[in-house]
Amino acid sequence: MHPPTRTLGRALAAGPVLLDGGLSNQLEAQGCDLSDALWSARLLTDGPDQIQAAHTAYVRAGAQVLITAGYQASFEGFARRGIGRAEAAELFALSVRLARRAADAVERDVWVAASVGPYGAMLADGSEYRGRYGLTGRELERFHRPRIEALAAAGPDALALETVPDVDEAEALLRAVEGCGLPVWLSYSVAGDRTRAGQSLETAFGLVRGHDEVMAVGVNCCDPADADRAVRVAAEVTGKPVVVYPNSGEGWDAGAREWAGAATFDPGGARAWQDDGARLIGGCCRVGPDTIAELAGLLGAAGADGPT
């Protein structure tokens with residue numbers, strides 16, 4: 001395995017860097033059944049080759065950052081399957097190795113970001129789109145810290161604190177990553193001009209002030225239309241590079257566990273995000289390799305592949 005020639009932070013300072021798209025939709029396109037509480041994380045035990053193949057599809061499309069299959073992974077979720085802590089820690093590490101192997105297939109810089117999903121993802125009931133779980137901040141920190149430590153030990157290039165619905169959980173995550181030795185990005189799931197839990201974007205993004213380990217802040221897994229204002233606010237409030245990777249625009253029905261509605265993701269809109277301060281740009285659920293390839297052509301993503 002060969003590491004990137006420079007840090008992701010240095011690449012962001014030079015220009016846009018292209019994220020991958022939704023891992024779950026690519027796995028489904030490969031014929032995988034994800035109707036399971038562990039979602040794509042189940043394949044860490046049952047089909048790791050499928051995860052690597054999905055990562056490879058995004059690398060071939062031009063993605064420069066691969067987000068690992070750890071979004072729905074947790075020690076608690078694995079324990080419900082009879083998987084002990086030592087084996088679970090190895091599965092976290094495997095999620096990083098699979099992405100790294102796919103990254104190594106090309107002769108250019110591809111970074112690996114270990115996914116740290118919200119507490120609600122472990123519940124597998126759509127709670128990550130509501131927040132306000134009834135837990136204290138310290139309880140949330142105790143949930144997140146062990147898997148952050150396990151992921152950091154596996155050597156990713158960054159941690160993706162993603163799809164965070166709630167300022168309270170964001171605060172817990174920022175405490176949990178202190179001392180992990182890795183840069184992180186923090187991305188909220190939003191609706192309109194509020195977090196999913198109803199807090200203002202100004203308050204949500206403002207949390208990262210004074211947190212030098214946060215290299216980017218923004219939104220993911222939201223409607224593409226909601227990303228427009230969020231990118232501007234994140235840049236204005238924080239002065240940091242902005243990360244943006246909305247979903248396709250379809251709506252997730254947690255009860256039926258299916259997507260509904262029309263796709264509205266327009267790759268052309270990414271140029272406006274870039275103009276407003278976005279540097280990490282990609283897609284989330286239902287945004288596949290074809291769309292990432294379009295983004296690659298539109299953005300050029302010069303910051304990732306320029307001279308070191």
# chains A, B, ... in the order shown; residues from 1 in each chain; ligands from 1
call {"tool": "select_by_dssp", "arguments": {"residues": "stretch 42-281 of chain A", "states": "strand (DSSP E or B)", "output": "number ranges by chain"}}
result
A: 65-67, 111-116, 158-164, 184-188, 190-191, 194-195, 200, 214-220, 242-245, 251-253, 258-260, 278-281
call {"tool": "write_last_selection", "arguments": {"atoms": "N, CA and C atoms", "output": "CSV table (one decimal), in the first residue's frame"}}
result
chain,number,residue,atom,x,y,z
A,65,VAL,N,-11.3,10.8,-2.8
A,65,VAL,CA,-11.5,10.5,-1.4
A,65,VAL,C,-12.5,9.3,-1.4
A,66,LEU,N,-12.2,8.3,-0.7
A,66,LEU,CA,-13.1,7.1,-0.5
A,66,LEU,C,-13.5,7.1,1.0
A,67,ILE,N,-14.8,7.1,1.2
A,67,ILE,CA,-15.4,7.0,2.5
A,67,ILE,C,-15.7,5.5,2.8
A,111,TRP,N,-7.3,9.5,-1.1
A,111,TRP,CA,-7.3,9.5,0.3
A,111,TRP,C,-8.4,8.6,0.8
A,112,VAL,N,-8.3,8.1,2.0
A,112,VAL,CA,-9.3,7.3,2.7
A,112,VAL,C,-9.8,8.0,3.9
A,113,ALA,N,-11.1,8.2,4.0
A,113,ALA,CA,-11.7,8.8,5.1
A,113,ALA,C,-12.6,7.8,5.8
A,114,ALA,N,-12.3,7.5,7.1
A,114,ALA,CA,-13.1,6.5,7.8
A,114,ALA,C,-14.4,7.1,8.3
A,115,SER,N,-15.5,6.5,7.9
A,115,SER,CA,-16.8,7.0,8.2
A,115,SER,C,-17.2,6.8,9.7
A,116,VAL,N,-17.6,7.9,10.3
A,116,VAL,CA,-18.1,7.8,11.7
A,116,VAL,C,-19.6,8.3,11.6
A,158,ALA,N,-8.1,10.5,7.2
A,158,ALA,CA,-9.0,11.4,7.9
A,158,ALA,C,-10.2,10.6,8.5
A,159,LEU,N,-11.0,11.3,9.3
A,159,LEU,CA,-12.2,10.8,9.8
A,159,LEU,C,-13.4,11.6,9.3
A,160,ALA,N,-14.4,11.0,8.8
A,160,ALA,CA,-15.6,11.7,8.3
A,160,ALA,C,-16.7,11.6,9.4
A,161,LEU,N,-16.9,12.6,10.1
A,161,LEU,CA,-18.0,12.7,11.1
A,161,LEU,C,-19.2,13.1,10.3
A,162,GLU,N,-20.0,12.2,9.9
A,162,GLU,CA,-21.0,12.5,8.8
A,162,GLU,C,-22.4,12.2,9.2
A,163,THR,N,-23.3,12.9,8.5
A,163,THR,CA,-24.8,12.8,8.6
A,163,THR,C,-25.2,13.1,10.1
A,164,VAL,N,-24.6,14.1,10.7
A,164,VAL,CA,-24.9,14.4,12.1
A,164,VAL,C,-26.1,15.3,12.1
A,184,VAL,N,-10.2,15.8,10.7
A,184,VAL,CA,-11.6,15.3,10.5
A,184,VAL,C,-12.4,16.3,9.7
A,185,TRP,N,-13.5,15.9,9.2
A,185,TRP,CA,-14.5,16.8,8.7
A,185,TRP,C,-15.8,16.5,9.4
A,186,LEU,N,-16.6,17.6,9.6
A,186,LEU,CA,-17.9,17.5,10.3
A,186,LEU,C,-19.0,17.9,9.3
A,187,SER,N,-19.9,17.0,9.0
A,187,SER,CA,-20.9,17.3,8.1
A,187,SER,C,-22.3,16.9,8.6
A,188,TYR,N,-23.2,17.9,8.6
A,188,TYR,CA,-24.5,17.7,9.1
A,188,TYR,C,-25.5,17.2,8.1
A,190,VAL,N,-29.2,18.2,7.0
A,190,VAL,CA,-30.0,19.4,7.2
A,190,VAL,C,-31.3,19.3,6.4
A,191,ALA,N,-32.2,20.1,6.8
A,191,ALA,CA,-33.5,20.3,6.1
A,191,ALA,C,-33.8,21.7,6.1
A,194,ARG,N,-32.0,24.5,8.6
A,194,ARG,CA,-31.8,24.1,10.0
A,194,ARG,C,-31.2,22.7,9.9
A,195,THR,N,-30.6,22.3,11.1
A,195,THR,CA,-30.2,20.9,11.2
A,195,THR,C,-31.4,20.0,11.3
A,200,SER,N,-30.1,26.2,14.2
A,200,SER,CA,-29.7,27.0,13.1
A,200,SER,C,-28.4,26.6,12.5
A,214,VAL,N,-10.4,20.0,12.8
A,214,VAL,CA,-11.5,20.1,11.8
A,214,VAL,C,-11.0,20.8,10.6
A,215,MET,N,-10.8,20.0,9.5
A,215,MET,CA,-10.2,20.6,8.3
A,215,MET,C,-11.3,21.1,7.3
A,216,ALA,N,-12.6,20.6,7.5
A,216,ALA,CA,-13.7,21.1,6.7
A,216,ALA,C,-15.0,20.8,7.4
A,217,VAL,N,-16.0,21.6,7.1
A,217,VAL,CA,-17.3,21.5,7.7
A,217,VAL,C,-18.3,21.8,6.7
A,218,GLY,N,-19.5,21.1,6.8
A,218,GLY,CA,-20.5,21.3,5.8
A,218,GLY,C,-21.7,20.3,6.0
A,219,VAL,N,-22.2,19.8,4.9
A,219,VAL,CA,-23.4,19.0,4.9
A,219,VAL,C,-23.3,17.8,4.0
A,220,ASN,N,-24.1,16.7,4.4
A,220,ASN,CA,-24.2,15.6,3.5
A,220,ASN,C,-25.5,14.9,3.7
A,242,VAL,N,-15.2,24.0,2.9
A,242,VAL,CA,-16.5,23.4,3.1
A,242,VAL,C,-16.6,22.0,2.4
A,243,VAL,N,-17.3,21.1,3.1
A,243,VAL,CA,-17.5,19.8,2.5
A,243,VAL,C,-19.0,19.7,2.2
A,244,VAL,N,-19.3,19.2,1.0
A,244,VAL,CA,-20.7,19.0,0.6
A,244,VAL,C,-20.9,17.8,-0.3
A,245,TYR,N,-21.8,16.9,0.2
A,245,TYR,CA,-22.1,15.7,-0.6
A,245,TYR,C,-23.6,15.3,-0.3
A,251,GLY,N,-36.3,10.9,-1.4
A,251,GLY,CA,-36.6,10.8,0.0
A,251,GLY,C,-36.5,9.4,0.5
A,252,TRP,N,-36.0,9.3,1.8
A,252,TRP,CA,-35.8,7.9,2.4
A,252,TRP,C,-37.0,7.7,3.3
A,253,ASP,N,-37.7,6.6,3.1
A,253,ASP,CA,-38.8,6.1,3.9
A,253,ASP,C,-38.3,5.1,4.9
A,258,GLU,N,-37.0,2.3,1.9
A,258,GLU,CA,-36.8,2.4,0.5
A,258,GLU,C,-36.9,3.9,0.1
A,259,TRP,N,-36.3,4.2,-1.1
A,259,TRP,CA,-36.3,5.6,-1.6
A,259,TRP,C,-37.5,5.9,-2.4
A,260,ALA,N,-37.9,7.1,-2.4
A,260,ALA,CA,-39.1,7.5,-3.2
A,260,ALA,C,-38.9,8.9,-3.7
A,278,ALA,N,-16.8,25.6,-1.2
A,278,ALA,CA,-16.7,24.1,-1.1
A,278,ALA,C,-15.4,23.6,-1.7
A,279,ARG,N,-14.7,22.7,-1.0
A,279,ARG,CA,-13.5,22.1,-1.5
A,279,ARG,C,-13.6,20.6,-1.5
A,280,LEU,N,-14.3,20.0,-0.7
A,280,LEU,CA,-14.6,18.6,-0.7
A,280,LEU,C,-16.0,18.4,-1.3
A,281,ILE,N,-16.1,17.9,-2.5
A,281,ILE,CA,-17.4,17.8,-3.2
A,281,ILE,C,-17.7,16.4,-3.7
call {"tool": "residues_around", "arguments": {"residues": "A:Pro289", "least_positions_apart": "6", "cutoff": "9 Å", "atoms": "only C-alpha atoms", "output": "list of chain:residue names"}}
result
A:Asp20, A:Gly21, A:Gly22, A:Gln26, A:Ala57, A:Tyr58, A:Val59, A:Arg60, A:Ala61, A:Gly62, A:Ala63
call {"tool": "write_last_selection", "arguments": {"atoms": "C-alpha atoms", "output": "compact mmCIF listing (two decimals), in the first residue's frame"}}
result
# COMPACT_ATOMS: atom_id res chain seq x y z
CA ASP A 20 -17.00 9.43 -3.93
CA GLY A 21 -20.75 8.78 -4.07
CA GLY A 22 -23.12 6.57 -2.13
CA GLN A 26 -23.24 0.92 -5.60
CA ALA A 57 -15.89 1.72 -9.09
CA TYR A 58 -15.62 5.20 -7.58
CA VAL A 59 -11.86 5.37 -8.04
CA ARG A 60 -12.36 4.53 -11.72
CA ALA A 61 -14.96 7.30 -11.91
CA GLY A 62 -12.36 9.79 -10.67
CA ALA A 63 -13.05 9.96 -6.93
call {"tool": "closest_atom_pairs", "arguments": {"of": "stretch 168-236 of chain A", "to": "stretch 147-153 of chain A", "cutoff": "10 Å", "atoms": "only C-alpha atoms", "output": "Markdown table"}}
result
| residue | atom | partner | partner_atom | distance |
| --- | --- | --- | --- | --- |
| A:Leu173 | CA | A:Ile148 | CA | 9.1 |
| A:Ala176 | CA | A:Ile148 | CA | 7.4 |
| A:Val177 | CA | A:Ile148 | CA | 6.8 |
| A:Gly179 | CA | A:Glu149 | CA | 9.6 |
| A:Cys180 | CA | A:Ala152 | CA | 6.4 |
| A:Gly181 | CA | A:Ala152 | CA | 7.7 |
| A:Leu182 | CA | A:Ala152 | CA | 7.1 |
call {"tool": "closest_residue", "arguments": {"among": "A:Ala13, A:Leu27, A:Ala172, A:Ala235", "to": "A:Gly288", "atoms": "only C-alpha atoms"}}
result
A:Leu27
call {"tool": "residues_around", "arguments": {"residues": "A:Ala73", "least_positions_apart": "3", "cutoff": "10 Å", "atoms": "only C-alpha atoms", "output": "NGL selection string"}}
result
:A and (37-42 or 44 or 69-70 or 76-78 or 88 or 91-92 or 95 or 115-117 or 121-122 or 147)
call {"tool": "select_by_dssp", "arguments": {"residues": "stretch 81-298 of chain A", "states": "helix (DSSP H, G or I)", "output": "ChimeraX atom specification"}}
result
/A:85-103,119-123,127-129,137-153,167-176,201-206,224-238,267-275,289-298
